[in-house]
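Printed here is upload.cif (mmCIF, C-alpha atoms):
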data_upload
#
loop_
_atom_site.label_atom_id
_atom_site.label_comp_id
_atom_site.auth_asym_id
_atom_site.auth_seq_id
_atom_site.Cartn_x
_atom_site.Cartn_y
_atom_site.Cartn_z
CA MET A 1 136.27 86.78 -144.86
CA THR A 2 139.89 85.96 -144.45
CA GLU A 3 142.25 88.89 -144.22
CA ILE A 4 145.98 88.72 -144.14
CA ASP A 5 147.17 90.20 -140.87
CA PRO A 6 150.86 91.08 -140.73
CA HIS A 7 150.76 90.78 -136.95
CA ALA A 8 149.17 87.31 -136.95
CA PRO A 9 150.81 84.82 -134.61
CA VAL A 10 153.35 82.42 -136.04
CA LYS A 11 151.76 79.50 -137.90
CA ARG A 12 151.58 76.24 -135.95
CA PRO A 13 154.25 73.81 -137.07
CA GLU A 14 153.09 71.15 -139.49
CA PHE A 15 154.45 67.67 -138.95
CA ARG A 16 155.37 65.52 -141.92
CA ASN A 17 157.54 62.41 -141.83
CA ILE A 18 157.50 62.43 -138.04
CA ASN A 19 160.81 61.47 -136.46
CA ALA A 20 160.14 59.33 -133.40
CA PHE A 21 163.06 60.79 -131.43
CA LYS A 22 163.01 64.42 -132.58
CA ASP A 23 159.28 65.16 -132.88
CA LEU A 24 157.36 62.80 -130.63
CA PRO A 25 158.69 63.96 -127.20
CA SER A 26 157.53 67.54 -127.86
CA TYR A 27 154.28 66.59 -129.62
CA ARG A 28 151.22 67.22 -127.44
CA LEU A 29 148.83 64.41 -128.33
CA PRO A 30 145.12 65.10 -127.70
CA SER A 31 143.27 62.68 -125.41
CA ALA A 32 141.67 60.86 -128.35
CA GLY A 33 145.17 60.38 -129.75
CA TRP A 34 146.32 58.82 -126.48
CA VAL A 35 143.36 56.42 -126.54
CA SER A 36 144.21 55.49 -130.12
CA ILE A 37 147.92 54.81 -129.63
CA LEU A 38 147.26 53.00 -126.34
CA HIS A 39 144.65 50.88 -128.15
CA ARG A 40 147.46 49.73 -130.46
CA ILE A 41 150.03 49.31 -127.69
CA SER A 42 147.60 47.34 -125.50
CA GLY A 43 146.75 45.11 -128.47
CA ALA A 44 150.43 44.47 -129.20
CA VAL A 45 151.09 43.73 -125.50
CA MET A 46 148.33 41.12 -125.46
CA PHE A 47 149.63 39.65 -128.72
CA LEU A 48 153.10 39.21 -127.20
CA LEU A 49 151.73 37.85 -123.90
CA LEU A 50 149.38 35.41 -125.65
CA PRO A 51 151.49 32.34 -124.67
CA PHE A 52 151.31 33.51 -121.03
CA VAL A 53 147.52 33.80 -121.32
CA ILE A 54 147.23 30.27 -122.72
CA TRP A 55 149.66 28.97 -120.09
CA MET A 56 147.34 30.43 -117.44
CA PHE A 57 144.31 28.87 -119.16
CA ASP A 58 146.14 25.52 -119.41
CA THR A 59 147.36 25.31 -115.80
CA SER A 60 144.16 26.71 -114.29
CA VAL A 61 141.73 24.29 -115.99
CA SER A 62 143.74 21.11 -116.63
CA SER A 63 143.80 19.48 -113.16
CA GLU A 64 143.67 20.25 -109.45
CA ILE A 65 147.45 19.86 -109.23
CA SER A 66 148.06 22.26 -112.11
CA PHE A 67 145.55 24.66 -110.54
CA MET A 68 147.75 24.69 -107.40
CA LYS A 69 150.77 25.31 -109.60
CA PHE A 70 148.90 28.19 -111.24
CA LYS A 71 148.17 29.78 -107.87
CA SER A 72 151.65 29.24 -106.47
CA ALA A 73 153.23 30.89 -109.52
CA PHE A 74 151.70 34.18 -108.35
CA ASN A 75 152.19 33.61 -104.62
CA VAL A 76 155.57 31.87 -104.48
CA GLY A 77 157.04 32.18 -107.97
CA LEU A 78 157.88 29.97 -110.93
CA LEU A 79 161.05 29.19 -112.92
CA GLY A 80 163.10 31.20 -110.41
CA VAL A 81 161.01 34.29 -111.12
CA PRO A 82 159.33 35.68 -107.97
CA GLY A 83 155.53 35.79 -107.74
CA VAL A 84 155.49 39.57 -107.77
CA ILE A 85 156.86 39.63 -111.32
CA TRP A 86 154.13 37.23 -112.49
CA LYS A 87 151.56 39.43 -110.78
CA LEU A 88 152.93 42.49 -112.57
CA LEU A 89 152.75 40.59 -115.86
CA ALA A 90 149.14 39.69 -115.11
CA LEU A 91 148.48 43.32 -114.22
CA ALA A 92 149.90 44.42 -117.58
CA LEU A 93 147.39 42.06 -119.20
CA ILE A 94 144.58 43.39 -117.03
CA TRP A 95 145.31 46.98 -118.04
CA ALA A 96 145.75 46.03 -121.70
CA TYR A 97 142.48 44.11 -121.77
CA LEU A 98 140.48 46.83 -120.00
CA HIS A 99 141.84 49.65 -122.12
CA HIS A 100 141.45 47.67 -125.34
CA LEU A 101 137.87 46.66 -124.46
CA ILE A 102 136.72 50.15 -123.44
CA ALA A 103 138.47 51.84 -126.37
CA GLY A 104 136.88 49.23 -128.66
CA LEU A 105 133.40 49.88 -127.24
CA ARG A 106 134.03 53.60 -127.84
CA HIS A 107 134.83 52.78 -131.48
CA LEU A 108 131.65 50.72 -131.86
CA TRP A 109 129.58 53.47 -130.28
CA MET A 110 131.03 56.03 -132.69
CA ASP A 111 130.42 53.72 -135.66
CA ALA A 112 126.84 53.04 -134.66
CA ARG A 113 125.83 56.58 -133.71
CA HIS A 114 127.99 58.46 -136.22
CA ALA A 115 129.25 60.31 -133.16
CA VAL A 116 132.22 61.93 -134.79
CA SER A 117 132.23 65.44 -133.31
CA LYS A 118 135.44 66.83 -131.87
CA GLU A 119 133.83 67.34 -128.48
CA PHE A 120 132.47 63.79 -128.25
CA GLY A 121 135.87 62.46 -129.31
CA ARG A 122 137.50 64.37 -126.47
CA SER A 123 135.02 63.59 -123.71
CA SER A 124 134.66 59.90 -124.59
CA ALA A 125 138.46 59.61 -124.77
CA LEU A 126 138.77 61.04 -121.26
CA VAL A 127 136.09 58.62 -120.02
CA THR A 128 137.98 55.72 -121.66
CA LEU A 129 141.33 56.70 -120.12
CA THR A 130 139.82 57.29 -116.68
CA LEU A 131 137.68 54.17 -116.59
CA GLY A 132 140.55 51.97 -117.80
CA SER A 133 142.95 53.39 -115.20
CA VAL A 134 140.50 53.26 -112.29
CA LEU A 135 139.42 49.67 -112.99
CA THR A 136 143.09 48.65 -113.38
CA LEU A 137 143.88 50.27 -110.03
CA VAL A 138 140.94 48.54 -108.31
CA LEU A 139 142.04 45.15 -109.66
CA ALA A 140 145.71 45.88 -108.85
CA LEU A 141 144.81 46.45 -105.21
CA LYS A 142 142.89 43.17 -105.23
CA LEU A 143 145.73 41.34 -106.97
CA PHE A 144 148.27 42.48 -104.39
CA GLY A 145 145.89 41.63 -101.56
CA LEU A 146 145.19 45.12 -100.20
CA TYR A 147 141.50 44.29 -99.69
CA MET B 1 133.77 40.81 -154.86
CA ALA B 2 135.53 43.26 -157.09
CA VAL B 3 135.23 42.64 -160.82
CA ASN B 4 138.53 41.17 -161.99
CA TYR B 5 137.78 40.80 -165.72
CA GLY B 6 136.51 42.85 -168.69
CA SER B 7 136.54 46.61 -169.21
CA LYS B 8 135.19 47.29 -165.68
CA ARG B 9 137.84 45.28 -163.91
CA VAL B 10 139.35 46.89 -160.82
CA VAL B 11 143.08 47.12 -161.35
CA VAL B 12 144.21 48.47 -157.99
CA GLY B 13 144.10 47.32 -154.39
CA ALA B 14 143.21 44.02 -152.84
CA HIS B 15 139.76 45.20 -151.66
CA TYR B 16 139.75 43.30 -148.42
CA GLY B 17 139.51 46.55 -146.45
CA LEU B 18 135.78 46.47 -145.71
CA ARG B 19 135.76 42.73 -145.02
CA ASP B 20 138.57 43.04 -142.45
CA TRP B 21 137.11 46.21 -140.94
CA LEU B 22 133.78 44.47 -140.43
CA ALA B 23 135.37 41.21 -139.22
CA GLN B 24 137.39 43.21 -136.69
CA ARG B 25 134.18 44.63 -135.23
CA VAL B 26 132.10 41.46 -135.37
CA THR B 27 134.81 39.41 -133.63
CA ALA B 28 135.26 42.23 -131.08
CA VAL B 29 131.57 42.20 -130.18
CA LEU B 30 131.55 38.40 -129.89
CA MET B 31 134.60 38.39 -127.61
CA ALA B 32 133.23 41.22 -125.46
CA LEU B 33 129.96 39.29 -124.98
CA PHE B 34 131.95 36.13 -124.20
CA THR B 35 133.94 38.03 -121.56
CA PHE B 36 130.74 39.10 -119.84
CA LEU B 37 129.38 35.56 -120.11
CA VAL B 38 132.42 34.08 -118.30
CA LEU B 39 132.45 36.87 -115.69
CA GLY B 40 128.71 36.39 -115.17
CA GLN B 41 129.17 32.67 -114.51
CA LEU B 42 131.90 33.50 -111.98
CA PHE B 43 129.63 35.99 -110.21
CA VAL B 44 126.73 33.55 -109.83
CA SER B 45 129.06 30.88 -108.39
CA LYS B 46 129.21 30.90 -104.61
CA GLY B 47 132.25 31.14 -102.36
CA PRO B 48 135.88 31.45 -103.42
CA ILE B 49 136.69 30.29 -106.96
CA SER B 50 137.83 26.67 -106.67
CA TYR B 51 139.35 24.50 -109.38
CA TYR B 52 135.96 22.84 -109.93
CA THR B 53 134.07 26.13 -110.30
CA TRP B 54 136.60 27.45 -112.79
CA SER B 55 137.16 24.35 -114.91
CA GLY B 56 133.44 23.51 -114.71
CA ILE B 57 132.66 26.69 -116.65
CA PHE B 58 134.66 25.46 -119.65
CA ALA B 59 133.82 21.77 -119.28
CA ALA B 60 130.19 22.10 -120.45
CA GLN B 61 129.88 21.11 -124.10
CA TRP B 62 128.09 24.31 -125.18
CA MET B 63 130.81 26.39 -123.47
CA LYS B 64 133.49 24.28 -125.13
CA VAL B 65 132.21 24.86 -128.65
CA LEU B 66 131.62 28.54 -127.88
CA THR B 67 135.15 28.96 -126.48
CA PHE B 68 136.46 27.20 -129.60
CA THR B 69 134.69 29.79 -131.75
CA MET B 70 136.13 32.58 -129.58
CA ILE B 71 139.66 31.26 -130.14
CA LEU B 72 139.07 31.47 -133.89
CA ALA B 73 137.55 34.96 -133.51
CA LEU B 74 140.62 36.03 -131.52
CA LEU B 75 142.89 34.59 -134.19
CA TYR B 76 141.26 36.66 -136.93
CA HIS B 77 140.93 39.79 -134.79
CA VAL B 78 144.58 39.78 -133.73
CA TRP B 79 145.75 39.01 -137.25
CA VAL B 80 143.94 42.07 -138.65
CA GLY B 81 145.27 44.23 -135.80
CA MET B 82 148.88 43.10 -136.01
CA ARG B 83 148.88 43.36 -139.80
CA ASP B 84 147.67 46.97 -139.45
CA ILE B 85 150.56 47.70 -137.07
CA TRP B 86 153.17 46.15 -139.38
CA MET B 87 151.70 47.89 -142.45
CA ASP B 88 151.74 51.28 -140.70
CA TYR B 89 155.17 51.23 -139.10
CA VAL B 90 157.38 48.79 -141.00
CA LYS B 91 158.17 49.94 -144.51
CA PRO B 92 160.97 47.58 -145.73
CA VAL B 93 159.05 44.86 -147.55
CA GLY B 94 161.28 41.95 -146.51
CA LEU B 95 161.16 42.83 -142.82
CA ARG B 96 157.41 43.44 -142.98
CA LEU B 97 156.77 40.07 -144.62
CA SER B 98 158.95 38.36 -142.00
CA LEU B 99 157.03 40.02 -139.16
CA GLN B 100 153.71 39.08 -140.77
CA VAL B 101 154.81 35.47 -141.13
CA PHE B 102 156.02 35.53 -137.50
CA SER B 103 152.60 36.87 -136.40
CA LEU B 104 150.78 34.09 -138.26
CA VAL B 105 153.03 31.36 -136.86
CA TRP B 106 152.69 32.83 -133.34
CA LEU B 107 148.89 33.10 -133.60
CA VAL B 108 148.19 29.73 -135.19
CA SER B 109 150.52 28.03 -132.68
CA CYS B 110 148.80 29.73 -129.75
CA ALA B 111 145.37 28.84 -131.14
CA GLY B 112 146.44 25.19 -131.53
CA TRP B 113 147.65 25.07 -127.93
CA ALA B 114 144.46 26.71 -126.62
CA ILE B 115 142.25 24.30 -128.56
CA GLN B 116 144.25 21.33 -127.27
CA VAL B 117 143.78 22.53 -123.66
CA LEU B 118 140.09 23.07 -124.28
CA TRP B 119 139.45 19.70 -125.86
CA ARG B 120 141.08 17.54 -123.22
CA LEU B 121 138.93 19.10 -120.51
#

Here is a file; write its structure as structure tokens.
Amino acid sequence: MTEIDPHAPVKRPEFRNINAFKDLPSYRLPSAGWVSILHRISGAVMFLLLPFVIWMFDTSVSSEISFMKFKSAFNVGLLGVPGVIWKLLALALIWAYLHHLIAGLRHLWMDARHAVSKEFGRSSALVTLTLGSVLTLVLALKLFGLY
Amino acid sequence: MAVNYGSKRVVVGAHYGLRDWLAQRVTAVLMALFTFLVLGQLFVSKGPISYYTWSGIFAAQWMKVLTFTMILALLYHVWVGMRDIWMDYVKPVGLRLSLQVFSLVWLVSCAGWAIQVLWRL
């Protein structure tokens, strides 16, 4: 039974035609929403860095000399850009790949098991975000030679 | 295929939704398996990863043809994904078409480069 209560709290705002600058900063996205938008952003990042990926593939497999060049790009630098910047670029790829892969596996799991409950969406989203961040951190420490 | 003639013809939509949805998932599974295959080969190799360990992985003929297929899978997967992004966020038709053409040129060029690298190994 639904009864109209004059003292009911104010209705939650409904968002239509979302303005990126006015509405998004105050919009509290649920964890599954974060996974979803980061899935897109990570995909777009990898799309834009695709030439860098193929450059790495090219220099690392073509010859021993190019392999050295590949390694020195990250340790010394390349094209006047210091190695640290190339490492950060590689780290961006590492995060993007990990998040995209884990979020994709979450999608496949939901498709296969019809796991579409709100609670599963929330918990699996938190697992995705945590696992992606932790693995990125572990590899970042390795990349910057902390272990 | 949708019926495109007679009284039962479908007059709306392009009906490639399911095909792309499924292709997105099939290519994703293939690429995920391929990732684990490459990582697995790195783990069974001994010592620090040398040039010969790394390039040796891709030099085997079966790996070469498999990597070739993965490049094509990536091409399709990224095309579906980028087209989704452009369709969702870019409404002006001219700009959207330009971005879609840019994506195709970008992807096919990258795929060509990757295949060239692979095949001279």

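With distances restricted to only C-alpha atoms, A:Trp55 is the closest residue to chain B from A:Trp55, A:Tyr147, A:Trp34, A:Phe120.
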
Exercise for the section: For each of B:Lys46, B:Arg120, B:Lys91, B:Arg19, take the minimum atom-to-atom distance to chain A, counting all atoms listed in the file, then give the residue where this is smallest. Expected result: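 Between B:Lys46, B:Arg120, B:Lys91, B:Arg19, the residue approaching chain A most closely is B:Arg120.
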
Exercise for the section: Compute the set of chain A residues within 8 Å of chain B, using all atoms listed in the file, and express it as a VMD selection string. Expected result: chain A and resid 40 43 to 44 47 50 to 51 54 57 to 58 60 to 64 67 101 104 108

Take the residues from that selection and write them out as an mmCIF file, in the coordinates of the input, keeping C-alpha atoms.
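Wrote result_26.cif, looks like this:
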data_model
loop_
_atom_site.group_PDB
_atom_site.id
_atom_site.type_symbol
_atom_site.label_atom_id
_atom_site.label_comp_id
_atom_site.auth_asym_id
_atom_site.auth_seq_id
_atom_site.Cartn_x
_atom_site.Cartn_y
_atom_site.Cartn_z
ATOM 1 C CA ARG A 40 147.460 49.730 -130.460
ATOM 2 C CA GLY A 43 146.750 45.110 -128.470
ATOM 3 C CA ALA A 44 150.430 44.470 -129.200
ATOM 4 C CA PHE A 47 149.630 39.650 -128.720
ATOM 5 C CA LEU A 50 149.380 35.410 -125.650
ATOM 6 C CA PRO A 51 151.490 32.340 -124.670
ATOM 7 C CA ILE A 54 147.230 30.270 -122.720
ATOM 8 C CA PHE A 57 144.310 28.870 -119.160
ATOM 9 C CA ASP A 58 146.140 25.520 -119.410
ATOM 10 C CA SER A 60 144.160 26.710 -114.290
ATOM 11 C CA VAL A 61 141.730 24.290 -115.990
ATOM 12 C CA SER A 62 143.740 21.110 -116.630
ATOM 13 C CA SER A 63 143.800 19.480 -113.160
ATOM 14 C CA GLU A 64 143.670 20.250 -109.450
ATOM 15 C CA PHE A 67 145.550 24.660 -110.540
ATOM 16 C CA LEU A 101 137.870 46.660 -124.460
ATOM 17 C CA GLY A 104 136.880 49.230 -128.660
ATOM 18 C CA LEU A 108 131.650 50.720 -131.860
#

Problem - Gap from CA of Leu91 in chain A to CA of Ala140 in chain A - Å, one decimal - result: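 Straight-line distance from CA of Leu91 in chain A to CA of Ala140 in chain A works out to 6.6 Å.
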
Exercise for the section: State, in Å with one decimal place, the distance from CA of Gly33 in chain A to CA of Ala20 in chain A. Expected result: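 Value for the CA of Gly33 in chain A-CA of Ala20 in chain A distance: 15.4 Å.
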
Practice task
Determine, counting only C-alpha atoms, which protein, DNA and RNA residues have an atom within 9 Å of an atom of Met46 in chain A; residues of the same chain fewer than 5 positions away are not included. Present the result as a PyMOL selection string.
Solution key: chain A and resi 41+53+92-93+96-97

Practice task
Calculate how many Å separate CA of Leu88 in chain A from CA of Val45 in chain A, rounding to one decimal.
Solution key: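 Separation of CA of Leu88 in chain A and CA of Val45 in chain A: 13.1 Å.
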
Exactly which residues make up the result of the PyMOL selection byres ((chain A and resi 106) around 12) on this file, given as a short mmCIF file (atom, residue, chain, number, x, y, z; two decimals) with C-alpha atoms, keeping the file's coordinate frame?
data_model
loop_
_atom_site.label_atom_id
_atom_site.label_comp_id
_atom_site.auth_asym_id
_atom_site.auth_seq_id
_atom_site.Cartn_x
_atom_site.Cartn_y
_atom_site.Cartn_z
CA ALA A 32 141.67 60.86 -128.35
CA VAL A 35 143.36 56.42 -126.54
CA SER A 36 144.21 55.49 -130.12
CA HIS A 39 144.65 50.88 -128.15
CA HIS A 99 141.84 49.65 -122.12
CA HIS A 100 141.45 47.67 -125.34
CA LEU A 101 137.87 46.66 -124.46
CA ILE A 102 136.72 50.15 -123.44
CA ALA A 103 138.47 51.84 -126.37
CA GLY A 104 136.88 49.23 -128.66
CA LEU A 105 133.40 49.88 -127.24
CA HIS A 107 134.83 52.78 -131.48
CA LEU A 108 131.65 50.72 -131.86
CA TRP A 109 129.58 53.47 -130.28
CA MET A 110 131.03 56.03 -132.69
CA ASP A 111 130.42 53.72 -135.66
CA ALA A 112 126.84 53.04 -134.66
CA ARG A 113 125.83 56.58 -133.71
CA HIS A 114 127.99 58.46 -136.22
CA ALA A 115 129.25 60.31 -133.16
CA VAL A 116 132.22 61.93 -134.79
CA PHE A 120 132.47 63.79 -128.25
CA GLY A 121 135.87 62.46 -129.31
CA ARG A 122 137.50 64.37 -126.47
CA SER A 123 135.02 63.59 -123.71
CA SER A 124 134.66 59.90 -124.59
CA ALA A 125 138.46 59.61 -124.77
CA LEU A 126 138.77 61.04 -121.26
CA VAL A 127 136.09 58.62 -120.02
CA THR A 128 137.98 55.72 -121.66
CA LEU A 129 141.33 56.70 -120.12
CA LEU A 131 137.68 54.17 -116.59
CA ARG B 25 134.18 44.63 -135.23
CA ALA B 28 135.26 42.23 -131.08
CA VAL B 29 131.57 42.20 -130.18
#

Completion exercise
Restricting to all atoms listed in the file, whichever of B:Val80, B:Leu37, B:Gly6, B:Ser45 is closest to Leu22 in chain B is B:Val80

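Here the selection is built from only C-alpha atoms, and the residues within 12 Å of (147.9, 42.1, -111.6) turn out to be Phe74, Asn75, Gly83, Val84, Ile85, Trp86, Lys87, Leu88, Leu89, Ala90, Leu91, Ala92, Leu93, Ile94, Trp95, Ala96, Tyr97, Leu135, Thr136, Leu137, Val138, Leu139, Ala140, Leu141, Lys142, Leu143, Phe144 and Gly145 of chain A.
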
Keeping only C-alpha atoms, take the residues you just selected and write them out as a short mmCIF file (atom, residue, chain, number, x, y, z; two decimals), in the frame of the given file.
data_model
loop_
_atom_site.label_atom_id
_atom_site.label_comp_id
_atom_site.auth_asym_id
_atom_site.auth_seq_id
_atom_site.Cartn_x
_atom_site.Cartn_y
_atom_site.Cartn_z
CA PHE A 74 151.70 34.18 -108.35
CA ASN A 75 152.19 33.61 -104.62
CA GLY A 83 155.53 35.79 -107.74
CA VAL A 84 155.49 39.57 -107.77
CA ILE A 85 156.86 39.63 -111.32
CA TRP A 86 154.13 37.23 -112.49
CA LYS A 87 151.56 39.43 -110.78
CA LEU A 88 152.93 42.49 -112.57
CA LEU A 89 152.75 40.59 -115.86
CA ALA A 90 149.14 39.69 -115.11
CA LEU A 91 148.48 43.32 -114.22
CA ALA A 92 149.90 44.42 -117.58
CA LEU A 93 147.39 42.06 -119.20
CA ILE A 94 144.58 43.39 -117.03
CA TRP A 95 145.31 46.98 -118.04
CA ALA A 96 145.75 46.03 -121.70
CA TYR A 97 142.48 44.11 -121.77
CA LEU A 135 139.42 49.67 -112.99
CA THR A 136 143.09 48.65 -113.38
CA LEU A 137 143.88 50.27 -110.03
CA VAL A 138 140.94 48.54 -108.31
CA LEU A 139 142.04 45.15 -109.66
CA ALA A 140 145.71 45.88 -108.85
CA LEU A 141 144.81 46.45 -105.21
CA LYS A 142 142.89 43.17 -105.23
CA LEU A 143 145.73 41.34 -106.97
CA PHE A 144 148.27 42.48 -104.39
CA GLY A 145 145.89 41.63 -101.56
#

Problem - Distance criterion (all atoms listed in the file): nearest to Ser72 in chain A out of A:Met56, A:Gly132, A:Arg16, A:Pro30 - result: A:Met56

Residue contacts of Phe34 in chain B (9 Å, all atoms listed in the file) excluding same-chain residues fewer than 4 positions away, as a PDB file with C-alpha atoms, in the frame of the given file:
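Dumped everything to selection05.pdb:
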ATOM      1  CA  VAL B  29     131.570  42.200-130.180  1.00  0.00           C
ATOM      2  CA  LEU B  30     131.550  38.400-129.890  1.00  0.00           C
ATOM      3  CA  VAL B  38     132.420  34.080-118.300  1.00  0.00           C
ATOM      4  CA  LEU B  39     132.450  36.870-115.690  1.00  0.00           C
ATOM      5  CA  LEU B  66     131.620  28.540-127.880  1.00  0.00           C
ATOM      6  CA  THR B  67     135.150  28.960-126.480  1.00  0.00           C
ATOM      7  CA  MET B  70     136.130  32.580-129.580  1.00  0.00           C
TER       8      MET B  70
END

Problem - Nearest candidate to Ser133 in chain A (options A:His7, A:Leu98, A:Ser117, A:Leu146; using all atoms listed in the file) - result: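 Selected residue with least distance to Ser133 in chain A: A:Leu98.
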